[in-house]
Every structure is written in C-alpha cells, then in structure tokens.
Amino acid sequence: MTLEPLHLAVIAGMAAVTYASRLGGFLLLAGIEPGPRLSRILNQIPGATFAALIAPMVVQGGPVEWAGAGITVLAYRLFGQVLAAVLCGVIAVALARLLLA
Amino acid sequence: MKIAFSLPGLLAGARDILPFALGAAMFGLVLGLMAAQKGLSPAEVMVMSATVFAGASQMVAAELWTAPLPALTIVMATLAVNARHLLMGMTLTPWLKPLPRPLSCFSLFFMVDENWGLSVARLRKGEGDVAYLLGGGLTLYPVWIATTGLGAVFGGLVVDPAAFAMDFLPLALFLALLLIFWRGRASLLPWGTAFGVALVAWMLLPAGWHVLLGGLAGSLAGGLLDDA
C-alpha cells in the first residue's frame, strides 16, 4: 500500500476541479430566479446530457449493440422501469453474442 | 413547491439506485484493474475514488497515467469530463436552494449521473424530498470505493467485461436514464442536436468535452427554438 506524493497531488487536483464543477452550477443559479426562457433551457438539460453521453457509445457499437439498444428502448416502453429495460437489453446482447459466436 | 429532507426520502433514493449500483460495481472493477496496470497502487485508487467519485473521468485519468506523469493534462481532462456537473447542479438548484447551505453543498459532493437523473425526474413530478439525491449518492459511494479497490488488488481475476455483455451495461443504463425524460416529438430536436454535437466534439476535441458541449447545444436548441 503506497501513496506517492506526486500521485496524491494529481488526485487532489482532480478532486478540486470535480467538486468545483459539482458546486459551480448550483452556486451560480442560487442567487437568481430563472426567467421562462432560462427555465425552458434548464428543463432540457437532463435529456440533452444523457443523449450526449451515449453518443460515442452508440457509434462505437455494432449491429448487436444497436439491436440491444433497441430492445432496451422497447422494454422500457413496455414495462416503464429502468431495471427491467436494462436487464432485457443486456440479456439480449449476451444471447446474441453467444449465438453468433 | 414543498421542500423536504427526510429519512424516507433518503431511503427511497438508496432503493431506486440499486440497479445502477450493480453497473457501478462492474465499472469499478474494470477501472481498478486498469488503474493498477498503469501504476496506481490500490490505496491510491481508493483515495481517488473517495475524493473524485466520478467514473468516466477516473477512467480517462487512468488511460493518461504514464511515467513521467502528465499532471496538468490529467487535471484538465478531468475538468473536461466533469464540467457537465455544472449543468447538472443548475437543474437541481430550485430544490437545493431552500436547504441549509452546508447540507446542499454536502449533497452535491455525491451527485453523479445516476442519482442526478433519477432525482431530477422525481423532483419535477412534484415530490420535493431532496434527500433522495443524497440517498442514491451515499449508496453508490462505498460500492465505488470498494470495487475500484478490489479491481486494483485482484486485477488478474476480473473476467473479460465482454462476457455476460457487461461492456454493454453502461449504454443500457444511460439509455434507460435518457428515456425517463422522453416527452414525445418535442424531445427529438434537443436530443438530436445533443447527439450530433457530442459526436463531432468527441471526434475533434480532447477526451471528455463532448458531454458538456453536446448537453449545452441540445439544451439551448430545445429551450430556445421550441416554445412548447
């Protein structure tokens, strides 16, 4: 179990910029009352952020992963539940790889 | 809007995050293994997990971790990957503002994609218990520290993530989180913009910036062009 000072310094830098990001948006908006336009933009942040997050994962996948993603969407529409949707998608991809291998 | 911070809210957050805890555990093992191969000790991996607590940025840091250590590059890459938390924190501000400031700042330390997504969806439905966010975060936190540490110690024993389709798990989890926010055709413009801008940024820019830029572009497109 070793802790190198340089490694710890880099980790401290990572922790500092990360916590600043977590606090920054809140502290910026805590002092103001957002108007209708800003509220509309804020409303869109969750969907847009997750869409941006998965974009590289989607294009890095192949037909099996795309089909698995499609099944995840279908299962979510069917069951309306995150856990069920994720399980269906993962099992479908595992089975497809088994059968196609 | 009624704001509360209660034990039932905390427990509800802990319960709903459980499927995501499984995903975090898998990701944690893989990350620990990778970090150990790059020369981080198990203790350092766990210190990083406990202080940074942001998986994607820790993965990018591990990839960049070479000797001599590119310290500034790693910190800048971390900022790029985690700058999306600025947007995330903004969306939670109406519910965090009425709390005592130390409590909201403490809760925000534990804000990651998963408990944030679930919290925004729940709070917007009118259930104003902000402890839900912290409950999810406090559940993921020990799982994250333990599994990244385990991955670093027992790295050789971790099975291939492609087996059991565990490499597909992140896409499935984030896709499901995305679907929570589907609002019919009105979502196509912001999501399409976010997806496209993220792809371009991912191809052209250093690691990480695609999430902030895509998220920002999609939110602006949806908020400004669509007056629904």
# chains A, B, ... in the order shown; residues from 1 in each chain; ligands from 1
>>> closest_atom_pairs(of="range 110-169 of chain B", to="range 83-90 of chain A", cutoff="8 Å", atoms="only C-alpha atoms", output="Markdown table")
| residue | atom | partner | partner_atom | distance |
| --- | --- | --- | --- | --- |
| B:Phe164 | CA | A:Val90 | CA | 7.7 |
| B:Ala165 | CA | A:Val90 | CA | 6.0 |
| B:Met166 | CA | A:Val90 | CA | 7.4 |
| B:Phe168 | CA | A:Val90 | CA | 6.5 |
| B:Leu169 | CA | A:Val90 | CA | 6.3 |
>>> interface_residues(of="chain A", to="chain B", cutoff="7 Å", atoms="only C-alpha atoms", output="ChimeraX atom specification")
/A:1-3,10-11,13-15,17-19,21-26,29-30,37,40-42,44-57,69,72,82-83,85-86,89-90,93-94
>>> atom_distance(atom1="CA of Gly28 in chain B", atom2="CA of Ile91 in chain A")
20.7 Å
>>> atom_distance(atom1="CA of Val73 in chain A", atom2="CA of Gln60 in chain A")
18.3 Å
>>> atom_distance(atom1="CA of Gly68 in chain A", atom2="CA of Ala62 in chain B")
28.4 Å
>>> residues_around(residues="Ala25 in chain B", least_positions_apart="5", cutoff="7 Å", atoms="only C-alpha atoms", output="list in words")
Val143, Trp144 and Thr147 of chain B
>>> select_by_dssp(residues="range 65-141 of chain B", states="alpha helix (DSSP H)", output="MDAnalysis selection string")
chainID B and resid 71:82 84:96 101:109 113:124 131:141
